[in-house]
$ cat upload.cif   # mmCIF, C-alpha atoms and all ligand atoms
data_input
loop_
_atom_site.group_PDB
_atom_site.id
_atom_site.type_symbol
_atom_site.label_atom_id
_atom_site.label_comp_id
_atom_site.auth_asym_id
_atom_site.auth_seq_id
_atom_site.Cartn_x
_atom_site.Cartn_y
_atom_site.Cartn_z
ATOM 1 C CA MET A 1 123.857 95.734 166.188
ATOM 2 C CA SER A 2 120.869 97.107 164.288
ATOM 3 C CA SER A 3 117.929 98.073 166.505
ATOM 4 C CA LYS A 4 115.413 97.764 163.673
ATOM 5 C CA THR A 5 113.751 94.583 162.549
ATOM 6 C CA ARG A 6 115.434 93.372 159.383
ATOM 7 C CA THR A 7 114.608 90.766 156.779
ATOM 8 C CA ILE A 8 117.756 88.910 155.768
ATOM 9 C CA LEU A 9 118.011 86.573 152.778
ATOM 10 C CA VAL A 10 120.807 83.970 152.776
ATOM 11 C CA THR A 11 121.310 81.889 149.617
ATOM 12 C CA GLY A 12 122.453 78.265 149.767
ATOM 13 C CA ALA A 13 121.501 78.132 153.435
ATOM 14 C CA ASN A 14 120.346 74.523 153.791
ATOM 15 C CA ARG A 15 123.848 73.263 154.643
ATOM 16 C CA GLY A 16 127.460 74.282 155.146
ATOM 17 C CA ILE A 17 128.472 77.876 155.770
ATOM 18 C CA GLY A 18 125.115 79.279 154.609
ATOM 19 C CA LYS A 19 123.254 77.254 157.218
ATOM 20 C CA ALA A 20 125.702 78.449 159.901
ATOM 21 C CA ILE A 21 125.203 82.075 158.797
ATOM 22 C CA ALA A 22 121.395 81.747 158.843
ATOM 23 C CA THR A 23 121.213 80.018 162.233
ATOM 24 C CA GLY A 24 123.936 82.268 163.721
ATOM 25 C CA LEU A 25 122.030 85.382 162.626
ATOM 26 C CA ALA A 26 118.738 84.004 163.931
ATOM 27 C CA THR A 27 120.309 83.419 167.345
ATOM 28 C CA SER A 28 122.294 86.664 167.538
ATOM 29 C CA ASN A 29 119.369 88.991 166.863
ATOM 30 C CA GLN A 30 115.962 87.512 167.453
ATOM 31 C CA LYS A 31 114.225 90.580 166.026
ATOM 32 C CA ASP A 32 115.605 89.791 162.557
ATOM 33 C CA LEU A 33 113.679 87.525 160.202
ATOM 34 C CA ILE A 34 115.992 85.165 158.354
ATOM 35 C CA LEU A 35 114.904 83.888 154.946
ATOM 36 C CA LEU A 36 116.724 80.628 154.389
ATOM 37 C CA GLY A 37 117.153 80.205 150.637
ATOM 38 C CA CYS A 38 117.393 76.593 149.534
ATOM 39 C CA ARG A 39 116.739 74.261 146.627
ATOM 40 C CA ASP A 40 115.513 71.498 148.917
ATOM 41 C CA LEU A 41 112.620 72.964 150.921
ATOM 42 C CA LYS A 42 112.357 69.827 153.061
ATOM 43 C CA MET A 43 115.903 70.391 154.354
ATOM 44 C CA GLY A 44 115.195 74.090 154.829
ATOM 45 C CA ASN A 45 111.983 73.478 156.749
ATOM 46 C CA GLU A 46 113.756 71.069 159.088
ATOM 47 C CA ILE A 47 116.245 73.800 160.019
ATOM 48 C CA ALA A 48 113.527 76.447 160.296
ATOM 49 C CA SER A 49 111.429 74.272 162.596
ATOM 50 C CA SER A 50 113.920 74.883 165.457
ATOM 51 C CA PHE A 51 113.803 78.688 165.107
ATOM 52 C CA LYS A 52 110.952 81.174 165.492
ATOM 53 C CA ASN A 53 112.634 83.687 163.179
ATOM 54 C CA ILE A 54 113.751 81.501 160.253
ATOM 55 C CA GLN A 55 111.549 80.963 157.222
ATOM 56 C CA ALA A 56 112.718 78.501 154.553
ATOM 57 C CA LEU A 57 112.083 79.551 150.940
ATOM 58 C CA HIS A 58 112.660 77.810 147.642
ATOM 59 C CA LEU A 59 115.531 79.540 145.853
ATOM 60 C CA ASP A 60 117.252 77.824 142.945
ATOM 61 C CA LEU A 61 119.973 79.834 141.221
ATOM 62 C CA SER A 62 120.664 77.368 138.396
ATOM 63 C CA SER A 63 118.986 79.424 135.662
ATOM 64 C CA MET A 64 117.898 83.046 135.307
ATOM 65 C CA SER A 65 114.332 82.082 134.406
ATOM 66 C CA GLY A 66 114.092 79.826 137.493
ATOM 67 C CA LEU A 67 115.640 82.515 139.663
ATOM 68 C CA ASP A 68 113.172 85.131 138.354
ATOM 69 C CA LYS A 69 110.285 82.832 139.268
ATOM 70 C CA CYS A 70 111.643 82.171 142.778
ATOM 71 C CA LEU A 71 112.261 85.900 143.293
ATOM 72 C CA GLN A 72 108.717 86.799 142.242
ATOM 73 C CA GLU A 73 107.335 84.384 144.831
ATOM 74 C CA ILE A 74 109.719 85.586 147.550
ATOM 75 C CA LEU A 75 109.009 89.278 146.903
ATOM 76 C CA THR A 76 105.263 88.683 146.974
ATOM 77 C CA LEU A 77 105.666 87.387 150.526
ATOM 78 C CA TYR A 78 108.557 89.646 151.600
ATOM 79 C CA PRO A 79 108.671 92.832 149.498
ATOM 80 C CA GLN A 80 111.362 94.472 151.644
ATOM 81 C CA ILE A 81 114.601 92.523 152.016
ATOM 82 C CA ASP A 82 117.150 94.574 153.958
ATOM 83 C CA VAL A 83 120.173 92.289 153.904
ATOM 84 C CA LEU A 84 121.381 89.866 151.237
ATOM 85 C CA VAL A 85 124.034 87.199 151.725
ATOM 86 C CA ASN A 86 125.155 85.768 148.377
ATOM 87 C CA ASN A 87 126.526 82.561 149.851
ATOM 88 C CA ALA A 88 125.568 79.742 147.457
ATOM 89 C CA GLY A 89 128.467 78.486 145.394
ATOM 90 C CA ILE A 90 129.835 75.534 143.468
ATOM 91 C CA LEU A 91 133.331 74.405 142.584
ATOM 92 C CA TYR A 92 134.608 72.245 139.721
ATOM 93 C CA GLU A 93 138.251 71.217 139.527
ATOM 94 C CA ASP A 94 138.527 71.264 135.685
ATOM 95 C CA SER A 95 141.358 73.253 134.100
ATOM 96 C CA ALA A 96 140.760 76.206 131.764
ATOM 97 C CA LEU A 97 141.179 74.218 128.572
ATOM 98 C CA SER A 98 139.348 71.076 129.694
ATOM 99 C CA ILE A 99 136.210 72.454 131.334
ATOM 100 C CA SER A 100 133.009 71.911 129.351
ATOM 101 C CA ASP A 101 131.016 74.947 128.264
ATOM 102 C CA ALA A 102 128.086 73.721 130.341
ATOM 103 C CA ARG A 103 130.136 73.470 133.551
ATOM 104 C CA PHE A 104 131.811 76.824 132.968
ATOM 105 C CA ASP A 105 128.411 78.464 132.443
ATOM 106 C CA GLU A 106 127.053 76.755 135.573
ATOM 107 C CA VAL A 107 129.864 78.093 137.775
ATOM 108 C CA LEU A 108 129.445 81.621 136.461
ATOM 109 C CA GLN A 109 125.659 81.412 136.753
ATOM 110 C CA ILE A 110 125.648 80.369 140.418
ATOM 111 C CA ASN A 111 128.783 82.069 141.755
ATOM 112 C CA LEU A 112 128.489 85.363 139.889
ATOM 113 C CA LEU A 113 125.470 86.059 137.679
ATOM 114 C CA ALA A 114 122.806 84.952 140.171
ATOM 115 C CA ALA A 115 124.506 87.036 142.885
ATOM 116 C CA TYR A 116 124.460 90.070 140.585
ATOM 117 C CA LYS A 117 120.810 89.469 139.639
ATOM 118 C CA LEU A 118 119.778 89.261 143.295
ATOM 119 C CA ILE A 119 121.552 92.535 144.040
ATOM 120 C CA LYS A 120 119.994 94.203 140.994
ATOM 121 C CA VAL A 121 116.486 93.180 142.040
ATOM 122 C CA LEU A 122 116.819 93.807 145.798
ATOM 123 C CA ALA A 123 118.975 96.961 145.904
ATOM 124 C CA PRO A 124 116.302 99.451 144.693
ATOM 125 C CA ASN A 125 114.127 98.745 147.754
ATOM 126 C CA MET A 126 117.169 98.975 150.039
ATOM 127 C CA ILE A 127 117.942 102.369 148.485
ATOM 128 C CA LYS A 128 114.338 103.511 148.932
ATOM 129 C CA ASN A 129 114.527 102.482 152.588
ATOM 130 C CA SER A 130 117.988 104.083 153.058
ATOM 131 C CA TYR A 131 119.306 100.878 154.587
ATOM 132 C CA GLY A 132 120.933 97.781 153.149
ATOM 133 C CA LYS A 133 123.774 95.327 153.569
ATOM 134 C CA ILE A 134 125.100 92.920 150.970
ATOM 135 C CA VAL A 135 127.706 90.258 151.720
ATOM 136 C CA ASN A 136 129.246 88.414 148.782
ATOM 137 C CA MET A 137 130.813 85.101 149.822
ATOM 138 C CA SER A 138 134.100 85.031 147.989
ATOM 139 C CA SER A 139 137.294 83.077 148.597
ATOM 140 C CA GLY A 140 141.041 83.494 148.975
ATOM 141 C CA TRP A 141 141.101 81.657 145.643
ATOM 142 C CA GLY A 142 139.515 84.779 144.125
ATOM 143 C CA GLN A 143 142.249 87.009 145.531
ATOM 144 C CA PHE A 144 144.603 88.519 142.932
ATOM 145 C CA GLU A 145 147.234 89.170 145.581
ATOM 146 C CA ASP A 146 147.322 85.449 146.342
ATOM 147 C CA GLY A 147 147.654 84.537 142.648
ATOM 148 C CA LEU A 148 144.146 83.134 141.925
ATOM 149 C CA THR A 149 145.480 79.690 142.842
ATOM 150 C CA GLY A 150 142.177 77.777 142.928
ATOM 151 C CA PRO A 151 140.527 75.747 140.160
ATOM 152 C CA PHE A 152 140.112 77.867 137.007
ATOM 153 C CA SER A 153 136.367 78.564 136.841
ATOM 154 C CA TYR A 154 136.041 78.888 140.617
ATOM 155 C CA SER A 155 138.900 81.401 140.990
ATOM 156 C CA LEU A 156 137.662 83.350 137.983
ATOM 157 C CA SER A 157 134.102 83.525 139.338
ATOM 158 C CA LYS A 158 135.237 84.631 142.803
ATOM 159 C CA ALA A 159 137.622 87.268 141.398
ATOM 160 C CA ALA A 160 134.706 88.557 139.302
ATOM 161 C CA LEU A 161 132.450 88.529 142.369
ATOM 162 C CA ASN A 162 135.059 90.664 144.139
ATOM 163 C CA ALA A 163 135.098 93.017 141.154
ATOM 164 C CA LEU A 164 131.307 93.207 141.396
ATOM 165 C CA THR A 165 131.594 94.161 145.068
ATOM 166 C CA LEU A 166 134.103 96.914 144.410
ATOM 167 C CA THR A 167 132.427 98.387 141.336
ATOM 168 C CA LEU A 168 128.947 98.321 142.888
ATOM 169 C CA SER A 169 130.219 99.990 146.068
ATOM 170 C CA LYS A 170 130.944 103.058 143.943
ATOM 171 C CA GLU A 171 127.445 103.124 142.438
ATOM 172 C CA LEU A 172 125.388 102.332 145.526
ATOM 173 C CA PRO A 173 124.599 105.144 147.987
ATOM 174 C CA ALA A 174 126.466 105.254 151.310
ATOM 175 C CA SER A 175 123.412 103.825 153.107
ATOM 176 C CA ILE A 176 123.976 100.491 151.339
ATOM 177 C CA GLU A 177 127.034 98.544 152.457
ATOM 178 C CA ILE A 178 128.432 95.907 150.093
ATOM 179 C CA ASN A 179 131.451 93.773 150.929
ATOM 180 C CA SER A 180 133.160 90.533 149.960
ATOM 181 C CA MET A 181 134.498 88.008 152.437
ATOM 182 C CA CYS A 182 136.503 84.804 152.600
ATOM 183 C CA PRO A 183 135.419 82.280 155.255
ATOM 184 C CA GLY A 184 138.794 80.502 155.408
ATOM 185 C CA TRP A 185 139.082 76.781 154.662
ATOM 186 C CA VAL A 186 135.923 75.248 156.084
ATOM 187 C CA HIS A 187 134.831 71.648 156.700
ATOM 188 C CA THR A 188 131.769 71.404 154.413
ATOM 189 C CA ARG A 189 130.863 69.352 151.355
ATOM 190 C CA MET A 190 132.834 71.854 149.273
ATOM 191 C CA GLY A 191 135.749 72.319 151.687
ATOM 192 C CA GLY A 192 136.148 68.597 152.451
ATOM 193 C CA SER A 193 136.893 66.745 155.672
ATOM 194 C CA GLU A 194 140.523 67.921 155.971
ATOM 195 C CA ALA A 195 139.472 71.560 156.402
ATOM 196 C CA PRO A 196 140.379 72.956 159.824
ATOM 197 C CA ARG A 197 137.425 75.323 160.343
ATOM 198 C CA THR A 198 133.868 74.531 161.371
ATOM 199 C CA PRO A 199 130.996 76.083 159.377
ATOM 200 C CA GLU A 200 130.291 78.255 162.444
ATOM 201 C CA GLU A 201 133.864 79.599 162.330
ATOM 202 C CA GLY A 202 133.483 80.198 158.588
ATOM 203 C CA ALA A 203 130.224 82.082 159.200
ATOM 204 C CA LYS A 204 131.619 84.477 161.821
ATOM 205 C CA THR A 205 132.789 87.272 159.514
ATOM 206 C CA ALA A 206 129.452 87.328 157.648
ATOM 207 C CA ILE A 207 127.551 87.647 160.934
ATOM 208 C CA TRP A 208 129.941 90.365 162.094
ATOM 209 C CA LEU A 209 129.522 92.320 158.833
ATOM 210 C CA ILE A 210 125.739 92.108 159.107
ATOM 211 C CA ASN A 211 125.502 92.968 162.796
ATOM 212 C CA ARG A 212 128.218 95.609 163.100
ATOM 213 C CA ASP A 213 127.177 99.193 163.701
ATOM 214 C CA LYS A 214 128.008 102.228 161.659
ATOM 215 C CA PRO A 215 130.408 103.754 160.862
ATOM 216 C CA SER A 216 131.362 100.842 158.660
ATOM 217 C CA HIS A 217 133.085 100.430 155.332
ATOM 218 C CA SER A 218 131.831 99.372 151.933
ATOM 219 C CA GLY A 219 133.686 97.968 148.929
ATOM 220 C CA ARG A 220 136.137 95.924 151.010
ATOM 221 C CA PHE A 221 137.282 92.317 151.225
ATOM 222 C CA TYR A 222 137.369 90.648 154.673
ATOM 223 C CA ARG A 223 138.584 87.501 156.401
ATOM 224 C CA ASP A 224 138.467 86.916 160.174
ATOM 225 C CA GLU A 225 136.815 90.309 160.660
ATOM 226 C CA GLN A 226 139.888 92.039 159.169
ATOM 227 C CA GLU A 227 140.180 93.784 155.833
ATOM 228 C CA ILE A 228 142.391 91.898 153.322
ATOM 229 C CA SER A 229 143.644 93.033 149.942
ATOM 230 C CA TRP A 230 142.031 92.138 146.627
HETATM 231 N N1 LIG A 301 134.264 75.527 152.326
HETATM 232 C C1 LIG A 301 135.291 76.312 152.121
HETATM 233 O O1 LIG A 301 136.438 76.008 152.529
HETATM 234 C C2 LIG A 301 135.109 77.634 151.402
HETATM 235 C C3 LIG A 301 136.233 78.462 151.258
HETATM 236 C C4 LIG A 301 136.074 79.679 150.605
HETATM 237 C C5 LIG A 301 134.834 80.082 150.137
HETATM 238 N N2 LIG A 301 133.769 79.248 150.292
HETATM 239 C C6 LIG A 301 132.468 79.714 149.770
HETATM 240 O O2 LIG A 301 131.483 79.641 150.778
HETATM 241 C C7 LIG A 301 130.185 79.424 150.187
HETATM 242 C C8 LIG A 301 129.500 78.244 150.862
HETATM 243 O O3 LIG A 301 130.336 77.110 150.681
HETATM 244 P P1 LIG A 301 130.186 75.763 151.522
HETATM 245 O O4 LIG A 301 131.564 75.325 151.840
HETATM 246 O O5 LIG A 301 129.186 75.925 152.596
HETATM 247 O O6 LIG A 301 129.640 74.810 150.352
HETATM 248 P P2 LIG A 301 128.609 73.604 150.375
HETATM 249 O O7 LIG A 301 128.629 72.917 151.684
HETATM 250 O O8 LIG A 301 128.919 72.839 149.146
HETATM 251 O O9 LIG A 301 127.202 74.360 150.246
HETATM 252 C C9 LIG A 301 126.893 75.047 149.068
HETATM 253 C C10 LIG A 301 125.500 75.619 149.193
HETATM 254 O O10 LIG A 301 125.199 76.271 147.948
HETATM 255 C C11 LIG A 301 123.957 75.756 147.481
HETATM 256 N N3 LIG A 301 123.855 75.748 146.024
HETATM 257 C C12 LIG A 301 124.663 75.155 145.120
HETATM 258 N N4 LIG A 301 124.150 75.294 143.891
HETATM 259 C C13 LIG A 301 122.993 75.998 144.020
HETATM 260 C C14 LIG A 301 121.987 76.433 143.117
HETATM 261 N N5 LIG A 301 122.051 76.176 141.805
HETATM 262 N N6 LIG A 301 120.935 77.138 143.606
HETATM 263 C C15 LIG A 301 120.828 77.387 144.927
HETATM 264 N N7 LIG A 301 121.725 76.965 145.847
HETATM 265 C C16 LIG A 301 122.797 76.278 145.392
HETATM 266 C C17 LIG A 301 123.919 74.317 148.000
HETATM 267 O O11 LIG A 301 122.585 73.842 147.940
HETATM 268 P P3 LIG A 301 122.248 72.277 147.622
HETATM 269 O O12 LIG A 301 122.309 71.561 148.955
HETATM 270 O O13 LIG A 301 120.879 72.322 147.042
HETATM 271 O O14 LIG A 301 123.283 71.783 146.658
HETATM 272 C C18 LIG A 301 124.434 74.542 149.412
HETATM 273 O O15 LIG A 301 123.419 75.013 150.241
HETATM 274 C C19 LIG A 301 130.445 79.200 148.690
HETATM 275 O O16 LIG A 301 130.202 80.396 147.984
HETATM 276 C C20 LIG A 301 131.933 78.869 148.639
HETATM 277 O O17 LIG A 301 132.495 79.192 147.404
HETATM 278 C C21 LIG A 301 133.868 78.042 150.925
#

$ encode --input "upload.cif" --output "structure tokens"
Amino acid sequence: MSSKTRTILVTGANRGIGKAIATGLATSNQKDLILLGCRDLKMGNEIASSFKNIQALHLDLSSMSGLDKCLQEILTLYPQIDVLVNNAGILYEDSALSISDARFDEVLQINLLAAYKLIKVLAPNMIKNSYGKIVNMSSGWGQFEDGLTGPFSYSLSKAALNALTLTLSKELPASIEINSMCPGWVHTRMGGSEAPRTPEEGAKTAIWLINRDKPSHSGRFYRDEQEISW
């Protein structure tokens, strides 16, 4: 567990796994400040009102121009973000040949390009501070070894997010840890009511990655606190 005070940004944290990560982190280390990224500030503020160390912030990943604007506002208030959890994600069921261009672009924008943009903007300060952790919320459906068996655009975006994790781990200095994780099949709006895991169970590996001490590994893919193959 880190002994320093950290500022941790979680995207898509107003519900589902992101909310469980944000609230789990706030409870596990009360010195950390958790920035709860959300499109609906009212929902975010309701969650934050029960915690001294959660601050809800407007963060919409739908377009690069909107994201730039949100980031400018966030960085004015919190110039040093030490930990980033790229959790927000969307899923469409459409097949490769039937998906509209607009939906395909939307999936890549939220699941991949916004995650990359956030890393690109936040990593330089992490490097300057010689400390940083980045968790990319991926999926077993983005796992080559498992055959990329999910819906086309979703699997493609998560496989690309994994590629981003691995390639960036080679470029970032050792002081910055970047990893991908799969939360398992989780009962959320995305996962549906049949899913066996609670959001809190789905959040556990992210919290473990963020709170674990050195020596730790970068450029890996995890589920249930265990490394899995790409
Ligand atoms: N559930 C599962 O079984 C499962 C399995 C593997 C991986 N995952 C991954 O886990 C992550 C969280 O999934 P979940 O199950 O918690 O999904 P969820 O309940 O559908 O929540 C998705 C979150 O992402 C946010 N989001 C969507 N579009 C956004 C945008 N344009 N800008 C900002 N935020 C946006 C949503 O905000 P709004 O409320 O504003 O829409 C919401 O907070 C995703 O990356 C997902 O791919 C989930």

$ closest_residue --input "upload.cif" --among "A:Leu9, A:Ala123, A:Cys38, A:Leu57" --to "Leu84 in chain A" --atoms "all atoms listed in the file"
A:Leu9

$ residues_near_ligand --input "upload.cif" --ligand "ligand LIG 301 (chain A)" --cutoff "7 Å" --atoms "all atoms listed in the file" --output "MDAnalysis selection string"
chainID A and resid 11:18 38:40 59:62 87:91 110:111 137:140 182:191 195

$ resolve_selection --input "upload.cif" --expression "the PyMOL selection byres (((chain A and resi 209) around 10) and not hetatm)" --output "MDAnalysis selection string"
chainID A and resid 1 133:135 177:181 204:208 210:213 216:217 222 225

$ residues_around --input "upload.cif" --residues "Tyr131 in chain A" --least-positions-apart "2" --cutoff "7 Å" --atoms "all atoms listed in the file" --output "PDB file with C-alpha atoms, in the coordinates of the input"
ATOM      1  CA  ASP A  82     117.150  94.574 153.958  1.00  0.00           C
ATOM      2  CA  MET A 126     117.169  98.975 150.039  1.00  0.00           C
ATOM      3  CA  ILE A 127     117.942 102.369 148.485  1.00  0.00           C
ATOM      4  CA  ASN A 129     114.527 102.482 152.588  1.00  0.00           C
ATOM      5  CA  SER A 175     123.412 103.825 153.107  1.00  0.00           C
ATOM      6  CA  ILE A 176     123.976 100.491 151.339  1.00  0.00           C
TER       7      ILE A 176
END

$ residues_near_point --input "upload.cif" --point "(118.7, 89.7, 156.3)" --cutoff "8 Å" --atoms "all atoms listed in the file" --output "mmCIF file with C-alpha atoms, in the coordinates of the input"
data_model
loop_
_atom_site.group_PDB
_atom_site.id
_atom_site.type_symbol
_atom_site.label_atom_id
_atom_site.label_comp_id
_atom_site.auth_asym_id
_atom_site.auth_seq_id
_atom_site.Cartn_x
_atom_site.Cartn_y
_atom_site.Cartn_z
ATOM 1 C CA ARG A 6 115.434 93.372 159.383
ATOM 2 C CA THR A 7 114.608 90.766 156.779
ATOM 3 C CA ILE A 8 117.756 88.910 155.768
ATOM 4 C CA LEU A 9 118.011 86.573 152.778
ATOM 5 C CA VAL A 10 120.807 83.970 152.776
ATOM 6 C CA ASP A 32 115.605 89.791 162.557
ATOM 7 C CA LEU A 33 113.679 87.525 160.202
ATOM 8 C CA ILE A 34 115.992 85.165 158.354
ATOM 9 C CA LEU A 35 114.904 83.888 154.946
ATOM 10 C CA ILE A 81 114.601 92.523 152.016
ATOM 11 C CA ASP A 82 117.150 94.574 153.958
ATOM 12 C CA VAL A 83 120.173 92.289 153.904
ATOM 13 C CA LEU A 84 121.381 89.866 151.237
ATOM 14 C CA VAL A 85 124.034 87.199 151.725
ATOM 15 C CA ILE A 210 125.739 92.108 159.107
#

$ atom_distance --input "upload.cif" --atom1 "CA of Ser63 in chain A" --atom2 "CA of Gln109 in chain A"
7.0 Å

$ decode --input "upload.cif" --residues "range 21-66 of chain A" --atoms "C-alpha atoms" --output "PDB file, in the first residue's frame"
ATOM      1  CA  ILE A  21     -13.412   0.754  -7.909  1.00  0.00           C
ATOM      2  CA  ALA A  22     -13.783   4.396  -6.809  1.00  0.00           C
ATOM      3  CA  THR A  23     -15.616   3.618  -3.562  1.00  0.00           C
ATOM      4  CA  GLY A  24     -13.383   0.590  -2.824  1.00  0.00           C
ATOM      5  CA  LEU A  25     -10.258   2.733  -3.240  1.00  0.00           C
ATOM      6  CA  ALA A  26     -11.711   5.525  -1.111  1.00  0.00           C
ATOM      7  CA  THR A  27     -12.383   3.059   1.706  1.00  0.00           C
ATOM      8  CA  SER A  28      -9.123   1.105   1.441  1.00  0.00           C
ATOM      9  CA  ASN A  29      -6.809   4.107   1.687  1.00  0.00           C
ATOM     10  CA  GLN A  30      -8.342   7.209   3.160  1.00  0.00           C
ATOM     11  CA  LYS A  31      -5.251   9.282   2.376  1.00  0.00           C
ATOM     12  CA  ASP A  32      -5.919   8.928  -1.365  1.00  0.00           C
ATOM     13  CA  LEU A  33      -8.132  11.433  -3.158  1.00  0.00           C
ATOM     14  CA  ILE A  34     -10.410   9.726  -5.655  1.00  0.00           C
ATOM     15  CA  LEU A  35     -11.595  11.723  -8.662  1.00  0.00           C
ATOM     16  CA  LEU A  36     -14.816  10.126  -9.811  1.00  0.00           C
ATOM     17  CA  GLY A  37     -15.120  10.765 -13.544  1.00  0.00           C
ATOM     18  CA  CYS A  38     -18.693  10.837 -14.787  1.00  0.00           C
ATOM     19  CA  ARG A  39     -20.943  12.275 -17.468  1.00  0.00           C
ATOM     20  CA  ASP A  40     -23.788  12.805 -15.017  1.00  0.00           C
ATOM     21  CA  LEU A  41     -22.414  15.023 -12.237  1.00  0.00           C
ATOM     22  CA  LYS A  42     -25.618  14.670 -10.211  1.00  0.00           C
ATOM     23  CA  MET A  43     -25.056  10.905  -9.944  1.00  0.00           C
ATOM     24  CA  GLY A  44     -21.380  11.458  -9.172  1.00  0.00           C
ATOM     25  CA  ASN A  45     -22.085  14.003  -6.449  1.00  0.00           C
ATOM     26  CA  GLU A  46     -24.545  11.640  -4.779  1.00  0.00           C
ATOM     27  CA  ILE A  47     -21.817   8.996  -4.496  1.00  0.00           C
ATOM     28  CA  ALA A  48     -19.209  11.532  -3.383  1.00  0.00           C
ATOM     29  CA  SER A  49     -21.476  12.897  -0.659  1.00  0.00           C
ATOM     30  CA  SER A  50     -20.925   9.706   1.408  1.00  0.00           C
ATOM     31  CA  PHE A  51     -17.113   9.923   1.228  1.00  0.00           C
ATOM     32  CA  LYS A  52     -14.671  12.557   2.477  1.00  0.00           C
ATOM     33  CA  ASN A  53     -12.071  11.594  -0.133  1.00  0.00           C
ATOM     34  CA  ILE A  54     -14.154  11.338  -3.324  1.00  0.00           C
ATOM     35  CA  GLN A  55     -14.623  14.301  -5.633  1.00  0.00           C
ATOM     36  CA  ALA A  56     -16.990  13.921  -8.601  1.00  0.00           C
ATOM     37  CA  LEU A  57     -15.837  15.546 -11.855  1.00  0.00           C
ATOM     38  CA  HIS A  58     -17.471  15.912 -15.238  1.00  0.00           C
ATOM     39  CA  LEU A  59     -15.656  13.661 -17.702  1.00  0.00           C
ATOM     40  CA  ASP A  60     -17.264  12.821 -21.029  1.00  0.00           C
ATOM     41  CA  LEU A  61     -15.174  10.696 -23.381  1.00  0.00           C
ATOM     42  CA  SER A  62     -17.544  10.819 -26.364  1.00  0.00           C
ATOM     43  CA  SER A  63     -15.424  13.200 -28.451  1.00  0.00           C
ATOM     44  CA  MET A  64     -11.805  14.350 -28.369  1.00  0.00           C
ATOM     45  CA  SER A  65     -12.779  18.025 -28.266  1.00  0.00           C
ATOM     46  CA  GLY A  66     -15.131  17.385 -25.311  1.00  0.00           C
TER      47      GLY A  66
END
